[in-house]
$ cat start.txt   # compact mmCIF, C-alpha atoms
# COMPACT_ATOMS: atom_id res chain seq x y z
CA ASN A 1 65.30 -80.20 -18.51
CA THR A 2 65.07 -76.75 -16.91
CA SER A 3 61.50 -76.02 -17.93
CA THR A 4 59.57 -79.10 -16.76
CA THR A 5 57.62 -78.65 -13.53
CA ILE A 6 55.46 -81.04 -11.55
CA ALA A 7 52.99 -79.82 -8.92
CA GLY A 8 50.30 -81.20 -6.68
CA SER A 9 48.49 -80.85 -3.41
CA SER A 10 47.90 -83.32 -0.60
CA MET A 11 48.94 -86.74 -1.89
CA GLY A 12 49.84 -85.06 -5.20
CA GLY A 13 52.19 -82.78 -3.27
CA LEU A 14 53.96 -85.75 -1.73
CA ILE A 15 54.18 -87.42 -5.15
CA SER A 16 55.53 -84.21 -6.69
CA LEU A 17 58.25 -84.01 -4.05
CA TYR A 18 59.25 -87.63 -4.66
CA ALA A 19 59.10 -87.25 -8.45
CA VAL A 20 61.36 -84.20 -8.55
CA LEU A 21 63.90 -85.77 -6.19
CA LYS A 22 63.96 -89.18 -7.87
CA ASN A 23 63.72 -87.88 -11.45
CA GLY A 24 65.72 -84.67 -11.53
CA ASN A 25 66.63 -85.45 -15.12
CA VAL A 26 62.93 -85.22 -16.04
CA PHE A 27 61.60 -82.58 -13.63
CA ALA A 28 63.52 -79.38 -12.90
CA ASN A 29 60.97 -77.85 -10.52
CA ALA A 30 58.15 -78.81 -8.18
CA GLY A 31 55.20 -77.13 -6.54
CA VAL A 32 54.50 -78.97 -3.30
CA PHE A 33 51.23 -77.81 -1.73
CA SER A 34 50.03 -79.21 1.62
CA PRO A 35 51.85 -82.50 1.06
CA ARG A 36 50.84 -85.61 2.97
CA ILE A 37 54.35 -85.97 4.34
CA TRP A 38 53.11 -87.73 7.48
CA LEU A 39 51.89 -90.67 5.36
CA ASP A 40 55.40 -91.82 4.59
CA THR A 41 57.41 -93.26 7.47
CA HIS A 42 60.63 -92.70 5.49
CA ARG A 43 59.64 -89.17 4.52
CA PHE A 44 62.95 -87.49 5.22
CA ASP A 45 65.27 -90.34 4.18
CA LEU A 46 64.56 -89.67 0.50
CA ILE A 47 65.52 -86.02 0.89
CA LYS A 48 68.81 -87.05 2.52
CA LYS A 49 69.54 -89.67 -0.13
CA GLU A 50 68.34 -87.98 -3.32
CA GLY A 51 68.66 -84.31 -2.37
CA LYS A 52 72.35 -84.13 -3.22
CA ASN A 53 71.52 -84.88 -6.86
CA PHE A 54 68.75 -82.30 -7.17
CA ASN A 55 69.59 -78.84 -8.47
CA GLY A 56 66.22 -77.30 -9.35
CA SER A 57 63.52 -75.31 -7.59
CA ILE A 58 60.90 -76.45 -5.11
CA PHE A 59 58.01 -74.30 -3.94
CA LEU A 60 56.71 -75.55 -0.57
CA TYR A 61 53.35 -74.29 0.69
CA ALA A 62 50.85 -75.08 3.43
CA GLY A 63 47.85 -73.06 4.52
CA THR A 64 47.05 -71.65 7.93
CA LYS A 65 44.29 -74.19 8.62
CA GLU A 66 46.26 -77.38 8.07
CA SER A 67 46.41 -80.38 10.38
CA GLN A 68 48.48 -79.96 13.51
CA GLY A 69 51.48 -81.83 12.13
CA MET A 70 51.56 -80.30 8.65
CA ILE A 71 53.54 -77.14 9.37
CA PRO A 72 56.23 -78.83 11.53
CA ASP A 73 56.66 -81.58 8.90
CA LEU A 74 56.88 -79.04 6.07
CA ASN A 75 59.39 -76.95 8.04
CA ARG A 76 61.47 -80.06 8.67
CA ALA A 77 61.34 -80.99 4.98
CA GLU A 78 62.55 -77.48 4.13
CA GLN A 79 65.43 -77.81 6.62
CA TYR A 80 66.43 -81.17 5.14
CA LEU A 81 66.27 -79.77 1.61
CA GLN A 82 68.45 -76.84 2.60
CA LYS A 83 70.97 -79.13 4.27
CA TYR A 84 71.10 -82.02 1.78
CA SER A 85 70.46 -80.46 -1.64
CA LYS A 86 71.39 -77.59 -3.92
CA PHE A 87 67.77 -76.65 -4.58
CA ASN A 88 66.28 -73.17 -4.76
CA LEU A 89 63.46 -72.56 -2.32

$ encode --input "start.txt" --output "C-alpha cells"
Amino acid sequence: NTSTTIAGSSMGGLISLYAVLKNGNVFANAGVFSPRIWLDTHRFDLIKKEGKNFNGSIFLYAGTKESQGMIPDLNRAEQYLQKYSKFNL
C-alpha cells in the first residue's frame, strides 16, 4: 500500500520505525520523530535484517535540544537505512 503512513515521537517513533520495517506490506511510509532508539539493544540489527525488504519513505527527525545520544543514534540509523534498504529519506 503506497498511501499508508505511520508516525510517532519518542517511543512512538521507535515503534513507527519497527512497524514500517517489519510490515512494509501494510505501511509504505513512516515519520520517525525523536525516536527512543537507545532503548533497544538490537536497534540496528532490525534495519540490517528488514531494511532490504523495505521500499518506502522514512522521515527521520530530532530537535536541537535532544539527549546527548539522540543525534548520533539517529545519524547511525540513517546510515544503516541508506546502506541496507531501498528507502527514500

$ atom_distance --input "start.txt" --atom1 "CA of Asn53 in chain A" --atom2 "CA of Ser34 in chain A"
23.8 Å

$ closest_atom_pairs --input "start.txt" --of "range 36-89 of chain A" --to "range 20-26 of chain A" --cutoff "7 Å" --atoms "all atoms listed in the file" --output "tab-separated table"
residue	atom	partner	partner_atom	distance
A:Glu50	CA	A:Leu21	CA	5.7
A:Gly51	CA	A:Leu21	CA	6.3
A:Phe54	CA	A:Gly24	CA	5.8

$ atom_distance --input "start.txt" --atom1 "CA of Ile15 in chain A" --atom2 "CA of Arg36 in chain A"
9.0 Å

$ residues_near_point --input "start.txt" --point "(67.1, -82.7, 0.9)" --cutoff "8 Å" --atoms "only C-alpha atoms" --output "short mmCIF file (atom, residue, chain, number, x, y, z; two decimals) with C-alpha atoms, in the coordinates of the input"
data_model
loop_
_atom_site.label_atom_id
_atom_site.label_comp_id
_atom_site.auth_asym_id
_atom_site.auth_seq_id
_atom_site.Cartn_x
_atom_site.Cartn_y
_atom_site.Cartn_z
CA PHE A 44 62.95 -87.49 5.22
CA LEU A 46 64.56 -89.67 0.50
CA ILE A 47 65.52 -86.02 0.89
CA LYS A 48 68.81 -87.05 2.52
CA LYS A 49 69.54 -89.67 -0.13
CA GLU A 50 68.34 -87.98 -3.32
CA GLY A 51 68.66 -84.31 -2.37
CA LYS A 52 72.35 -84.13 -3.22
CA ALA A 77 61.34 -80.99 4.98
CA GLU A 78 62.55 -77.48 4.13
CA GLN A 79 65.43 -77.81 6.62
CA TYR A 80 66.43 -81.17 5.14
CA LEU A 81 66.27 -79.77 1.61
CA GLN A 82 68.45 -76.84 2.60
CA LYS A 83 70.97 -79.13 4.27
CA TYR A 84 71.10 -82.02 1.78
CA SER A 85 70.46 -80.46 -1.64
#

$ closest_residue --input "start.txt" --among "A:Arg43, A:Ile37, A:Ile58, A:Met70" --to "Ala7 in chain A" --atoms "only C-alpha atoms"
A:Ile58

$ build_atoms --input "start.txt" --residues "range 51-86 of chain A" --atoms "N, CA and C atoms" --output "compact mmCIF listing (two decimals), in the frame of the given file"
# COMPACT_ATOMS: atom_id res chain seq x y z
N GLY A 51 68.53 -85.77 -2.33
CA GLY A 51 68.66 -84.31 -2.37
C GLY A 51 69.96 -83.83 -2.97
N LYS A 52 71.04 -84.56 -2.73
CA LYS A 52 72.35 -84.13 -3.22
C LYS A 52 72.41 -84.09 -4.74
N ASN A 53 71.53 -84.84 -5.41
CA ASN A 53 71.52 -84.88 -6.86
C ASN A 53 70.56 -83.87 -7.48
N PHE A 54 69.77 -83.22 -6.65
CA PHE A 54 68.75 -82.30 -7.17
C PHE A 54 69.28 -80.87 -7.19
N ASN A 55 69.07 -80.20 -8.31
CA ASN A 55 69.59 -78.84 -8.47
C ASN A 55 68.54 -77.92 -9.09
N GLY A 56 67.28 -78.11 -8.78
CA GLY A 56 66.22 -77.30 -9.35
C GLY A 56 65.56 -76.42 -8.31
N SER A 57 64.29 -76.15 -8.51
CA SER A 57 63.52 -75.31 -7.59
C SER A 57 62.34 -76.08 -7.04
N ILE A 58 62.07 -75.86 -5.76
CA ILE A 58 60.90 -76.45 -5.11
C ILE A 58 60.16 -75.35 -4.37
N PHE A 59 58.86 -75.26 -4.64
CA PHE A 59 58.01 -74.30 -3.94
C PHE A 59 57.20 -75.09 -2.93
N LEU A 60 57.43 -74.87 -1.65
CA LEU A 60 56.71 -75.55 -0.57
C LEU A 60 55.64 -74.61 -0.03
N TYR A 61 54.42 -75.14 0.17
CA TYR A 61 53.35 -74.29 0.69
C TYR A 61 52.38 -75.11 1.52
N ALA A 62 51.94 -74.52 2.62
CA ALA A 62 50.85 -75.08 3.43
C ALA A 62 50.03 -73.92 3.96
N GLY A 63 48.75 -74.11 4.06
CA GLY A 63 47.85 -73.06 4.52
C GLY A 63 47.83 -72.92 6.04
N THR A 64 47.11 -71.94 6.49
CA THR A 64 47.05 -71.65 7.93
C THR A 64 46.08 -72.57 8.68
N LYS A 65 45.27 -73.32 7.96
CA LYS A 65 44.29 -74.19 8.62
C LYS A 65 44.57 -75.67 8.33
N GLU A 66 45.84 -76.00 8.33
CA GLU A 66 46.26 -77.38 8.07
C GLU A 66 46.15 -78.21 9.34
N SER A 67 46.38 -79.50 9.20
CA SER A 67 46.41 -80.38 10.38
C SER A 67 47.57 -79.96 11.27
N GLN A 68 47.52 -80.39 12.50
CA GLN A 68 48.48 -79.96 13.51
C GLN A 68 49.92 -80.30 13.15
N GLY A 69 50.13 -81.41 12.47
CA GLY A 69 51.48 -81.83 12.13
C GLY A 69 52.02 -81.31 10.81
N MET A 70 51.16 -80.72 10.00
CA MET A 70 51.56 -80.30 8.65
C MET A 70 52.70 -79.28 8.66
N ILE A 71 52.54 -78.21 9.40
CA ILE A 71 53.54 -77.14 9.37
C ILE A 71 54.89 -77.61 9.92
N PRO A 72 54.93 -78.32 11.07
CA PRO A 72 56.23 -78.83 11.53
C PRO A 72 56.89 -79.78 10.53
N ASP A 73 56.10 -80.66 9.89
CA ASP A 73 56.66 -81.58 8.90
C ASP A 73 57.19 -80.82 7.68
N LEU A 74 56.45 -79.82 7.23
CA LEU A 74 56.88 -79.04 6.07
C LEU A 74 58.13 -78.23 6.41
N ASN A 75 58.19 -77.68 7.61
CA ASN A 75 59.39 -76.95 8.04
C ASN A 75 60.60 -77.89 8.10
N ARG A 76 60.38 -79.09 8.59
CA ARG A 76 61.47 -80.06 8.67
C ARG A 76 61.93 -80.47 7.27
N ALA A 77 60.98 -80.67 6.35
CA ALA A 77 61.34 -80.99 4.98
C ALA A 77 62.17 -79.87 4.37
N GLU A 78 61.79 -78.63 4.63
CA GLU A 78 62.55 -77.48 4.13
C GLU A 78 63.98 -77.50 4.70
N GLN A 79 64.10 -77.76 6.00
CA GLN A 79 65.43 -77.81 6.62
C GLN A 79 66.30 -78.91 6.00
N TYR A 80 65.69 -80.07 5.77
CA TYR A 80 66.43 -81.17 5.14
C TYR A 80 66.84 -80.80 3.73
N LEU A 81 65.94 -80.17 2.98
CA LEU A 81 66.27 -79.77 1.61
C LEU A 81 67.41 -78.76 1.60
N GLN A 82 67.38 -77.82 2.53
CA GLN A 82 68.45 -76.84 2.60
C GLN A 82 69.79 -77.48 2.97
N LYS A 83 69.74 -78.48 3.81
CA LYS A 83 70.97 -79.13 4.27
C LYS A 83 71.53 -80.12 3.25
N TYR A 84 70.65 -80.90 2.60
CA TYR A 84 71.10 -82.02 1.78
C TYR A 84 71.00 -81.81 0.28
N SER A 85 70.58 -80.65 -0.19
CA SER A 85 70.46 -80.46 -1.64
C SER A 85 70.96 -79.09 -2.05
N LYS A 86 70.98 -78.87 -3.35
CA LYS A 86 71.39 -77.59 -3.92
C LYS A 86 70.17 -76.87 -4.50
